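*Asks:* Submitted below is the structure of interest, expressed as C-alpha cells.
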Amino acid sequence: MKRLWFLIPLAAFFALATMLALGLKLDPREVPSPLIDKPAPKFSLARLDDASKTVRLDDMHGKVWMLNVWASWCVACREEHPMLVEFSKKKLVPIYGLDYKDQRADANAWLANFGNPYDASLFDDEGRVGIDFGVYGVPETFVIDQNGVIRMKHIGPLTAEVLATKIEPLLERLKKADA
Amino acid sequence: MIPELGHLALWIALGISAVLGTLPMLGAARNRRDWMALARPSARWIFALVALAFVCLAISFIDNDFSVLYVASNSNRSLPLHYRFTAVWGGHEGSILLWLLMLTFWTFAVATFSRHLPEKVVARILSVMGWLAFGFLLFLLMTSNPFDRLLPVPADGRDLNPLLQDPGMVIHPPMLYMGYVGLSVAFSFAVAALIGGNLDATWARWTRPWTVAAWIFLTIGIALGSGWAYYELGWGGWWFWDPVENASFMPWLVATALIHSLAVTEKRNSFKSWTVLLAIMGFSLSLLGTFLVRSGVLSSVHAFATDPRRGLFILAFLVIVIGSSLALFAWRAPTVGLGARFALLSRESLLLGNNVLLVVACGAVLLGTLYPLALDALGLGKISVGPPYFDTVFVPLLTPLIFLMGVGPLARWKETTLPDLATRLKWAAGAAIVAAFLTAWLHGGVGIVGVVGLLMAFWIIASLLTDLVERLRPVGGMRSNVLHRARLIPRATVGMMVAHLGVAIFIFGVTLVKTGEVERDVKMGVGDTTEIDGKTFTFRGVRDVTGPNYRGAQGLIVVTQGDKTIATLHPEKRFFPVTQATMTEASIDSGLTRDLYVSLGEPVGGGAWIVRVYLKPFVDWIWGGCLVMALGGLIAATDRRYRIRARQTADAAAAAGATA
C-alpha cells in the first residue's frame with residue numbers, strides 16, 4: 001500500500017505529458033457559450049480614457065457592435081491586437097473594449113503604444129462585468145446585435161481567418177436583417 | 001570548412017556520449033573497473049568537442065558567413081561585433097547549442113572535482129549525464145542543426161532580433177542556462193544514488209555544493225532577465241508572470257526547497273525520499289521549461305520560431321528522462337527508510353513546512369502557466385490568466401514562508417518547544433512591528449499591503465539579528481569571546497544568513513515599488529513640464545540619431561528639483577529597418593532610493609510625444625536583493641566541509657547515524 005504513494009509523482013507526470021501532447025496538436029477555436037442568443041448582461045462602466053463618462057448597455061441599443069475583452073497584462077492580446085487595429089480601419093462595426101482587471105495607467109499606455117482600435121474601452125478593474133459575460137480569460141470577443149442579443153463569442157486571440165470567415169459574414173447578415 | 005568541422009564535432013560527441021551513457025553504468029553494475037574508467041575521459045572529450053562546435057559557430061558569425069542558414073537568419077553585416085558574438089545564442093539552434101555547452105561543462109566539472117567520490121558513484125553520475133548529453137545532441141542534430149548551409153548564399157543576413165541587442169542579453173541566457181542545466185548534476189546524483197542504493201547523509205553532502213552552485217546561477221540569471229525586461233521592454237515593469245519567466249522561476253522554487261531539504265538529509269539523515277524527489281523535480285522543471293519555450297505551445301513575449309517536430313522530440317525526451325527517473329523513484333525509494341525521527345515542532349518540521357510551501361508555490365505557478373494550455377488542449381481556446389491570478393495566489397503563500405524563515409534557523413533539531421521559541425523571538429517580533437510601522441509612517445502612503453510587506457522584511461532582519469546575537473553571545477558567555485565566536489560560525493550558516501538578508505532586501509524593494517510607484521503617461525510638446533514628487537520633468541524635444549543598424553529618435557528630458565538639475569535623460573525610439581521592428585529604449589536615472597524612468601511612446605504631431613514618466617522608489621533593491629541572495633549561496637557553497645576527503649565524511653556520517 002505504501003508503495004502506491006511513491007507512484008503518485010509518476011502518475012501526475014504522465015497526466016501532464018498527455019496534456020502537453022494534446023497541446024502540441026490543438027489550435028484555438030470557437031466554443032459554444034451558454035450566452036449565445038441570450039440578451040447581453042446589463043452593465044454600466046466608466047470609460048478607460050475618461051473616468052467621468054459612463055457607458056451602459058442601453059447606449060448600444062439599435063446598433064450592431066463588437067465587444068473585445070482585453071488587458072495590458074495579457075500576452076495573447078498583444079498577438080491579436082495588430083489584427084484588430086487593421087480591422088477597425090474598415091469601419092464595419094463599432095468596436096468596444098472591455099479592459100479586464102487592469103490598471104488604468106497601464107492600459108492607456110498600452111493603447112498609446114500599440115494603437116487604439118476601440119471606439120471606447122470600458123474600464124472593468126474588478127472584473128464584475130467580465131464575470132457577467134462569462135469571460136474565461138483574456139482575450140475574448142463578442143458580437144452583439146441591435147436588440148442587445150449576443151450572437152457570437154470567440155475565445156482567444158482573433159485571427160484574420162476568424163474575422164474574414166465568421167465575423168464579417170455575421171455582420172453582413174445582421175445588417176441585412178436590419179434593413 | 002569551419003561549419004562542417006563544428007558539425008562533425010557534434011556527431012563525434014554524440015558517439016562518445018552514447019559510450020559514456022552505457023559502459024560506465026554497466027561497469028558499475030558488473031564491477032568492471034576498465035569500463036568505469038572510461039567515464040572521466042569521455043566526459044572531458046564531449047566537453048572539448050561541443051566547445052569546438054560552439055567556437056566554430058561563433059567564428060561563422062564573426063566572419064559573416066551567411067552561407068550558414070542560422071547565421072543568415074540571426075546576423076547582419078551592420079550588426080556590431082559584440083552582438084555578432086552574442087547572436088550565437090540569439091535563436092533556437094544556438095540556444096540549444098549553448099544549453100549543451102553548459103551541460104557538458106557541468107559534466108566536465110563533475111569529472112574533475114569528484115576525486116573524493118567512490119569510483120562506482122562517479123561512473124553512475126557521469127553515465128546519467130552522458131545520457132542527457134546524448135539526448136540533447138540528438139535533438140540538435142536531428143531537428144535544429146545550427147550548421148545547415150543555405151544556397152544560394154545571401155548577400156546579407158536578416159539581423160538579430162532587436163530586443164536581444166542589449167548588454168543584458170549578453171549574459172542573461174548563459175547565466176540562466178548554467179542554472180537550469182546545473183540542476184542536472186543534482187538530478188544525476190539522485191538517479192545514481194537510487195540505482196546504487198546509497199542514498200544517505202554522505203550523498204546529501206556531495207550534492208549540496210553542486211545544487212547551491214546551480215541555484216546561484218539561476219538566481220542571477222532570473223534577476224538579469226527581470227532587469228532586462230525593466231529597461232528594454234519600456235513598460236517599467238520588472239516581472240510579468242510570462243510563461244518564459246515562469247519556466248525559470250519554477251526550477252528556482254524547487255531548487256530552493258531542495259537546498260533546504262538537503263540540509264536536513266545531511267544533518268539528520270531524514271527526508272531522504274523527499275529530497276531525492278525534489279532533485280528529480282528540479283531538473284524535470286528545467287526540461288519542462290525548455291519544452292514550453294521551445295515548442296511554442298504557449299504564446300509569450302519571448303516567442304521563438306517554432307517547429308512541431310521539435311516540440312514532439314523534446315516531449316518524447318521529457319517522457320523518457322522524467323518518466324524513467326520517476327519510475328526508478330517509485331521502485332527504489334520505498335526501501336530507503338525514514339531516517340531520524342523528529343518532533344511535531346522542530347527544525348526539521350519547520351523546514352518541511354518551508355519545503356511544502358515552496359513546492360505548492362511552484363505548483364501554483366505551474367497551474368497558472370499550464371491552465372491556458374489545458375484549456376487549449378480541451379478545445380476551449382487560448383487565453384492568458386496573467387498577474388491577477390499570480391498576485392492573488394502568491395501573497396498568501398509567501399507570508400507563512402517568510403514567517404518560517406525567521407523561526408526556522410532558531411529552532412533546535414529534533415525537538416523544540418513553543419515557549420522557548422516565543423521567548424527568544426519576542427524581541428525580534430516587537431522590533432519588526434515597530435520598524436515596519438515607523439518606516440510606513442516616515443515614508444508615508446504605503447497602505448495595509450505596504451505595512452505587511454515591510455513587516456515581512458523587518459521580521460527577517462530582526463530574527464536574523466537574534467540568531468546572530470545568540471551565536472555570538474550565548475547565555476553566560478563572555479563579551480571578549482565575540483570575535484573568536486564569529487570566526488567559529490560555519491560558512492554555510494553565514495551563507496544562509498546573507499541569503500535570507502537578500503530576501504529581506506528583495507521584499508523591501510518590491511513593497512516600496514508596488515505601493516509608492518508613480519506612473520504617468522503625458523502628452524508633452526517642447527518645453528512642457530510634468531511634476532512628480534517635487535521633481536520637474538521638462539521635455540526639450542526630440543532629435544534624430546543613427547546607430548550602426550538602426551535609425552532613431554532621441555528625446556531630451558531634463559529633471560530638476562528646486563534650482564538643481566538632477567538628471568538629464570535620453571530615451572530613444574529605435575527603428576531597425578532589416579527586421580522592420582521598432583524598439584523603445586528607456587532612459588533611467590538610477591539611485592539608491594529611487595529610479596527616474598522615462599520612455600517615449602508615440603509621436604502625436606507638432607513635435608509632441610506621449611512620454612511615460614515613472615518614479616520607481618527602491619526598485620533597484622529588487623535586483624540587489626537577488627544578488628545578495630546569490631552571494632549568500634556563494635559563501636555557503638565554499639564551506640570547507642565540502643572539501644573534506646571521502647573517508648572522513650563517510651566516517652562522520654556513520655558516526656552521526658550511530659548517535660542519531
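Labels used: A, B, ... for chains in the order of the C-alpha cells, numbers from 1 for residues in each chain, and numbers from 1 for ligands as shown.
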Which of stretch 43-139 of chain A end up as helix (DSSP H, G or I) when DSSP is run on this backbone - answer as JSON, numbers by chain?

*Replies:* {"A": [57, 58, 59, 60, 75, 76, 77, 78, 79, 80, 81, 82, 83, 84, 85, 86, 87, 88, 89, 104, 105, 106, 107, 108, 109, 110, 111, 112, 113, 114, 128, 129, 130, 131, 132]}

*Asks:* Taking C-alpha atoms for each residue, export the selection above as a PDB file, in the first residue's frame.

*Replies:*
ATOM      1  CA  LEU A  57     -25.668  48.560 -22.326  1.00  0.00           C
ATOM      2  CA  ASP A  58     -28.726  50.639 -23.217  1.00  0.00           C
ATOM      3  CA  ASP A  59     -26.492  53.173 -25.024  1.00  0.00           C
ATOM      4  CA  MET A  60     -25.782  50.493 -27.604  1.00  0.00           C
ATOM      5  CA  VAL A  75       0.233  38.461 -23.776  1.00  0.00           C
ATOM      6  CA  ALA A  76      -2.227  36.858 -26.179  1.00  0.00           C
ATOM      7  CA  CYS A  77      -3.858  40.279 -26.604  1.00  0.00           C
ATOM      8  CA  ARG A  78      -0.630  41.619 -27.997  1.00  0.00           C
ATOM      9  CA  GLU A  79      -0.830  38.876 -30.568  1.00  0.00           C
ATOM     10  CA  GLU A  80      -4.350  39.738 -31.718  1.00  0.00           C
ATOM     11  CA  HIS A  81      -4.008  43.499 -31.397  1.00  0.00           C
ATOM     12  CA  PRO A  82      -2.498  44.389 -34.805  1.00  0.00           C
ATOM     13  CA  MET A  83      -5.317  42.394 -36.442  1.00  0.00           C
ATOM     14  CA  LEU A  84      -7.918  44.301 -34.506  1.00  0.00           C
ATOM     15  CA  VAL A  85      -6.332  47.662 -35.351  1.00  0.00           C
ATOM     16  CA  GLU A  86      -6.416  46.756 -39.063  1.00  0.00           C
ATOM     17  CA  PHE A  87      -9.987  45.521 -38.777  1.00  0.00           C
ATOM     18  CA  SER A  88     -11.120  48.713 -37.065  1.00  0.00           C
ATOM     19  CA  LYS A  89      -9.885  50.738 -40.050  1.00  0.00           C
ATOM     20  CA  ARG A 104      -5.810  52.481 -15.778  1.00  0.00           C
ATOM     21  CA  ALA A 105      -2.328  53.889 -16.466  1.00  0.00           C
ATOM     22  CA  ASP A 106      -1.001  50.573 -17.796  1.00  0.00           C
ATOM     23  CA  ALA A 107      -3.977  50.178 -20.090  1.00  0.00           C
ATOM     24  CA  ASN A 108      -3.769  53.697 -21.527  1.00  0.00           C
ATOM     25  CA  ALA A 109      -0.034  53.298 -22.055  1.00  0.00           C
ATOM     26  CA  TRP A 110      -0.654  50.014 -23.803  1.00  0.00           C
ATOM     27  CA  LEU A 111      -3.126  51.599 -26.212  1.00  0.00           C
ATOM     28  CA  ALA A 112      -0.774  54.524 -26.815  1.00  0.00           C
ATOM     29  CA  ASN A 113       1.966  52.083 -27.655  1.00  0.00           C
ATOM     30  CA  PHE A 114       0.176  49.538 -29.803  1.00  0.00           C
ATOM     31  CA  ARG A 128     -17.525  42.173 -12.447  1.00  0.00           C
ATOM     32  CA  VAL A 129     -18.813  42.768 -15.953  1.00  0.00           C
ATOM     33  CA  GLY A 130     -16.335  40.211 -17.288  1.00  0.00           C
ATOM     34  CA  ILE A 131     -17.846  37.625 -14.966  1.00  0.00           C
ATOM     35  CA  ASP A 132     -21.382  38.546 -16.088  1.00  0.00           C
TER      36      ASP A 132
END

*Asks:* What lies within 9 Å of B:Cys362 using only C-alpha atoms, ignoring chain neighbours under 2 positions off, as a PDB file with C-alpha atoms, in the first residue's frame?

*Replies:*
ATOM      1  CA  PHE B 249      11.014  30.597 -11.708  1.00  0.00           C
ATOM      2  CA  MET B 250       9.610  27.094 -11.133  1.00  0.00           C
ATOM      3  CA  PRO B 251      13.009  25.331 -11.072  1.00  0.00           C
ATOM      4  CA  TRP B 252      14.234  28.126  -8.784  1.00  0.00           C
ATOM      5  CA  LEU B 253      11.445  27.477  -6.280  1.00  0.00           C
ATOM      6  CA  VAL B 254      12.128  23.750  -6.288  1.00  0.00           C
ATOM      7  CA  LEU B 357       5.115  25.943   0.790  1.00  0.00           C
ATOM      8  CA  LEU B 358       7.789  26.284  -1.880  1.00  0.00           C
ATOM      9  CA  VAL B 359       6.527  23.258  -3.766  1.00  0.00           C
ATOM     10  CA  VAL B 360       2.928  24.452  -3.511  1.00  0.00           C
ATOM     11  CA  ALA B 364       0.570  27.335  -8.364  1.00  0.00           C
ATOM     12  CA  VAL B 365       2.921  28.824 -10.946  1.00  0.00           C
ATOM     13  CA  LEU B 366       2.759  25.620 -12.966  1.00  0.00           C
ATOM     14  CA  LEU B 367      -1.027  25.689 -12.839  1.00  0.00           C
TER      15      LEU B 367
END

*Asks:* Let me make sure I understand: among A:Arg151, A:Glu161, A:Pro139, A:Pro117, which one has the smallest atom-to-atom distance to A:Arg173 if we use only C-alpha atoms?

*Replies:*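 Distance minimum relative to A:Arg173 lands on A:Arg151.
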
*Asks:* Just checking: using only C-alpha atoms, which residue out of B:Arg540, B:Arg332, B:Arg487, B:Arg641 ends up closest to chain A?

*Replies:* B:Arg332

*Asks:* Atom CA of B:Met629 and atom CA of B:Lys272, how far apart in Å?

*Replies:*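 Distance reported for this atom pair: 25.7 Å.
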
*Asks:* Excluding same-chain residues fewer than 5 positions from stretch 156-170 of chain B, what lies within 10 Å of it counting only C-alpha atoms, as JSON, numbers by chain?

*Replies:* {"B": [64, 65, 66, 67, 68, 69, 70, 71, 72, 73, 74, 75, 76, 77, 78, 79, 80, 82, 83, 84, 85, 86, 87, 88, 89, 90, 91, 175, 224, 225, 226, 227, 228, 229, 231, 232, 233, 302, 549, 550, 574, 575, 576, 577, 578, 579, 580, 581, 582, 583, 584, 585]}

*Asks:* As an MDAnalysis selection string, please: the residues near A:Asp50 (cut-off 12 Å, only C-alpha atoms, same-chain neighbours under 2 positions excluded).

*Replies:* chainID A and resid 45:48 52:55 104:105 108 120:123

*Asks:* Tell me which protein, DNA and RNA residues are within 12 Å of A:Lys38, counting only C-alpha atoms, leaving out same-chain ones fewer than 4 positions away, and put them as a PyMOL selection string.

*Replies:* chain A and resi 33-34+42+133+143-145+147-153

*Asks:* Set the distance at 9 Å and use only C-alpha atoms: which residues neighbour B:Asn145 once local chain neighbours fewer than 4 positions away are removed? I'd like the list as a list in words.

*Replies:* His7, Tyr70, Glu93, Gly94, Phe139, Leu140 and Leu141 of chain B

*Asks:* For the residues in that selection, give me C-alpha atoms as a compact mmCIF listing (two decimals), in the first residue's frame.

*Replies:*
# COMPACT_ATOMS: atom_id res chain seq x y z
CA HIS B 7 29.03 19.71 -37.39
CA TYR B 70 21.44 30.11 -38.85
CA GLU B 93 19.59 26.38 -32.69
CA GLY B 94 22.31 28.39 -30.97
CA PHE B 139 17.84 16.79 -30.68
CA LEU B 140 20.30 19.33 -32.04
CA LEU B 141 21.47 17.16 -34.94

*Asks:* Using only C-alpha atoms, can you tell me which of A:Gly115, A:Ile167, A:Leu4, A:Leu20 comes closest to B:Val604?

*Replies:*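 Closest to B:Val604 of all the choices is A:Gly115.
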
*Asks:* Kindly give the distance, in Å, that separates atom CA of B:Ala435 and atom CA of B:Gly591, rounded to a single decimal.

*Replies:*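 Answer for the atom CA of B:Ala435 to atom CA of B:Gly591 separation: 22.9 Å.
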